[in-house]
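Read through the structure below, which is laid out as structure tokens, and then see the notes.
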Amino acid sequence: MQQTLLTKERKREYFELVIAHAAVDSLKAIARVSDLDKTISGTEDFMQLIPDEEKLKKVITALQIKFNALDLKSGPKKLASFVCDNEHYQLLPVMLERVIDFAGTFDRETFDKRNYEAIYSSGYPKLISYVKKQLSDYLTNVYLKMTDYQYMDSNHFVTLLNNDTIALELRRQVIAKTTTLVPLITELTHAALDDELLEWSLVEATWYNVIMAYVRKENSISNALIGYLNDSAIAGELSKRKIDKDNPVTDLETVKAFMVELINRTDLSDEAYDLLMISIPYWYPMSKFNAELTKEKIDLLIKRYVVSPVPENFSALKERYPGTQLLLIERSKKELFEKLEQFTLDSSDVVGILKSVKFTLQEKNTLVNHVNDILLVNNRQVQTELMRLIFDHASFKVPEMVLLSLLKTAFPIGQRVKLFNMHYQQFTTAQMAEIFATFPDPFDDIGVRYKSPVIPYGTENGYLANNLRSKNFIANIKEEKKGIRLISFKK
């Protein structure tokens, strides 16, 4: 037999007739073998279907209808109130919007971006009660379906997360949808959700929260906590305060253990590590740092005053991370000069200090006058730096032995002449003879009896000639075509 096709209009007509004239019990029977209840639930203008409000109430009650798209404003107000007050609607975004707009106070921005708060600020107690009873349904079918990420009051958020009637996985999904920060991680009744909160950066950036997350993870820094700390904004906020060692958030030994583990984490970015180390209130020996820490992180530890500026650490840095020992003493000059004799400096250390802009001229002078002269005279790089400092700063002084060594070293003759001119007054005749004996020809004949070398014209050479005559090291000077003749004494 050919199936009869009914038009949409004819189906609507039959639907109205059935609702208007069928007994409620008959409608219940029909619903058991058909989709009548679903049809009613999806009928947007059901309140306008027939004029008999009481009949519609009875149908809604008997079939336990939960509307999913009912227009509450176009029908009878009393019937709409009946639907709302008796929870005859599904917890869906469209129905919540219509219920709040009809029975409470509706604000579009609050509804879209703070939906859970929109329920509480609606001023409609029956809606609040309904959502509380069907919280999981609300979260699944409304909250998680909202387009925007959601914000809610932190107290509401914590209460939700502590609600064990809500499946743990659903609470995890809520966390991923929410932008609210938890003020205190210890407000959560158990630690099962700590990692998710940290992964989504939903814990206020305080050292209390960080350390307690460590404690709640059985005194371990989790990967989630590392991810949280690697957020530069969070690390920056934490860096504003030192970890409190006088009033620790838990016992001091636990806090100390946390700090050592934090320092030794290689999976922190250098940017975050630099910021976090600002908050460490202790100096540590190198023995506390594991060998896997990179040179970059060691540099940051020194920069942030976490490496103790003691001779033992200086030596350990030189051995394990060559070059970083200079940074240590640059950052802690006071400690260096207080215990200078205890620091094992080599020529490379001296060169580094002499080149460093972190040390003042006076500090460099103090170093030169206190270290072993052997370090200063047996290394060409050290000698070069000393020459530079002497030429650049007239007040820079070196020990006599060092000065004599510089003059006898094979630097360019112009530099040696200039250096001699700067200090000629302090030399004895015997010392001058030793100095010029090491100079190249023709300067090596200066002061030698019966010899009168000719040196090239030049400013410094002119000073040299006059200085030597003033010291009675030569008998006279004579300007010739080829240069300046230095006439030695014959007796």
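The chains in the structure tokens are called A, B, ... from first to last as shown; in each chain the residues are counted from 1, and the ligands are counted from 1 in the order shown.
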Residues of stretch 161-211 of chain A that have any atom at most 12 Å from an atom of stretch 267-288 of chain A: could you tabulate them with the shortest-distance atom pair and the distance in Å to one decimal, using only C-alpha atoms, ordered by chain and increasing number, as a tab-separated table?
residue	atom	partner	partner_atom	distance
A:Ala205	CA	A:Leu276	CA	11.7
A:Thr206	CA	A:Ser279	CA	11.2
A:Trp207	CA	A:Ser279	CA	9.1
A:Val210	CA	A:Leu276	CA	11.4
Taking C-alpha atoms for each residue, export the selection above as a short mmCIF file (atom, residue, chain, number, x, y, z; two decimals), in the first residue's frame.
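Wrote selection.cif, looks like this:
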data_model
loop_
_atom_site.label_atom_id
_atom_site.label_comp_id
_atom_site.auth_asym_id
_atom_site.auth_seq_id
_atom_site.Cartn_x
_atom_site.Cartn_y
_atom_site.Cartn_z
CA ALA A 205 51.41 33.18 41.27
CA THR A 206 52.64 33.06 44.87
CA TRP A 207 55.48 31.13 46.42
CA VAL A 210 54.24 26.84 44.29
#
Spatial neighbours of A:Ser122, max dist 7 Å, only C-alpha atoms, sep filter under 5 positions, as a ChimeraX atom specification: /A:100,104-106
DSSP alpha helix (DSSP H) selection over stretch 108-305 of chain A, as a ChimeraX atom specification: /A:108-113,115-120,125-133,135-141,154-161,168-177,194-199,207-216,223-229,232-238,252-263,270-277,295-303
Surrounding residues of A:Arg98 excluding itself and chain neighbours under 5 positions, 9 Å, only C-alpha atoms, as JSON, numbers by chain: {"A": [69, 70, 71, 72, 73, 93, 103, 106]}
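Atom CA of A:Leu127 is found 27.6 Å from atom CA of A:Ala31.
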Separation of atom CA of A:Ser488 from atom CA of A:Gly447 in Å: 5.3 Å
Selected residue, from A:Val351, A:Asn68, A:Gly462, A:Glu292, that lies nearest to A:Tyr321 when counting only C-alpha atoms: A:Glu292
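Shortest atom-to-atom contact with A:Pro399 among A:Val417, A:Val249, A:Ile374, A:Ile455: A:Ile374, counting only C-alpha atoms.
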Find the spatial neighbours of A:Phe337, counting only C-alpha atoms, within a cut-off of 10 Å - ignore same-chain residues fewer than 5 positions away - and output them as a CSV table (one decimal) with N, CA and C atoms, in the first residue's frame.
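After the write, result-v8.csv holds the following:
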chain,number,residue,atom,x,y,z
A,329,ILE,N,83.4,36.8,40.9
A,329,ILE,CA,84.1,37.8,41.6
A,329,ILE,C,83.7,39.2,41.2
A,332,SER,N,80.8,39.9,43.3
A,332,SER,CA,81.0,39.9,44.8
A,332,SER,C,82.4,40.4,45.0
A,342,GLN,N,93.2,34.2,49.6
A,342,GLN,CA,92.7,32.8,49.6
A,342,GLN,C,92.2,32.4,48.2
A,343,PHE,N,92.0,33.3,47.3
A,343,PHE,CA,91.6,33.0,46.0
A,343,PHE,C,92.7,32.6,45.1
A,363,GLU,N,90.4,49.3,42.2
A,363,GLU,CA,90.4,47.9,42.5
A,363,GLU,C,91.4,47.1,41.7
A,366,THR,N,94.7,47.7,43.3
A,366,THR,CA,94.8,46.9,44.5
A,366,THR,C,95.2,45.5,44.2
A,367,LEU,N,94.6,44.9,43.2
A,367,LEU,CA,94.9,43.5,42.7
A,367,LEU,C,96.3,43.4,42.3
A,370,HIS,N,98.8,43.2,45.0
A,370,HIS,CA,98.7,42.2,46.0
A,370,HIS,C,98.9,40.8,45.5
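Look at A:Ser222: the protein and nucleic acid residues within 9 Å of it, using only C-alpha atoms and passing over chain neighbours fewer than 6 places away, are Asp195, Ala213 and Tyr214 of chain A.
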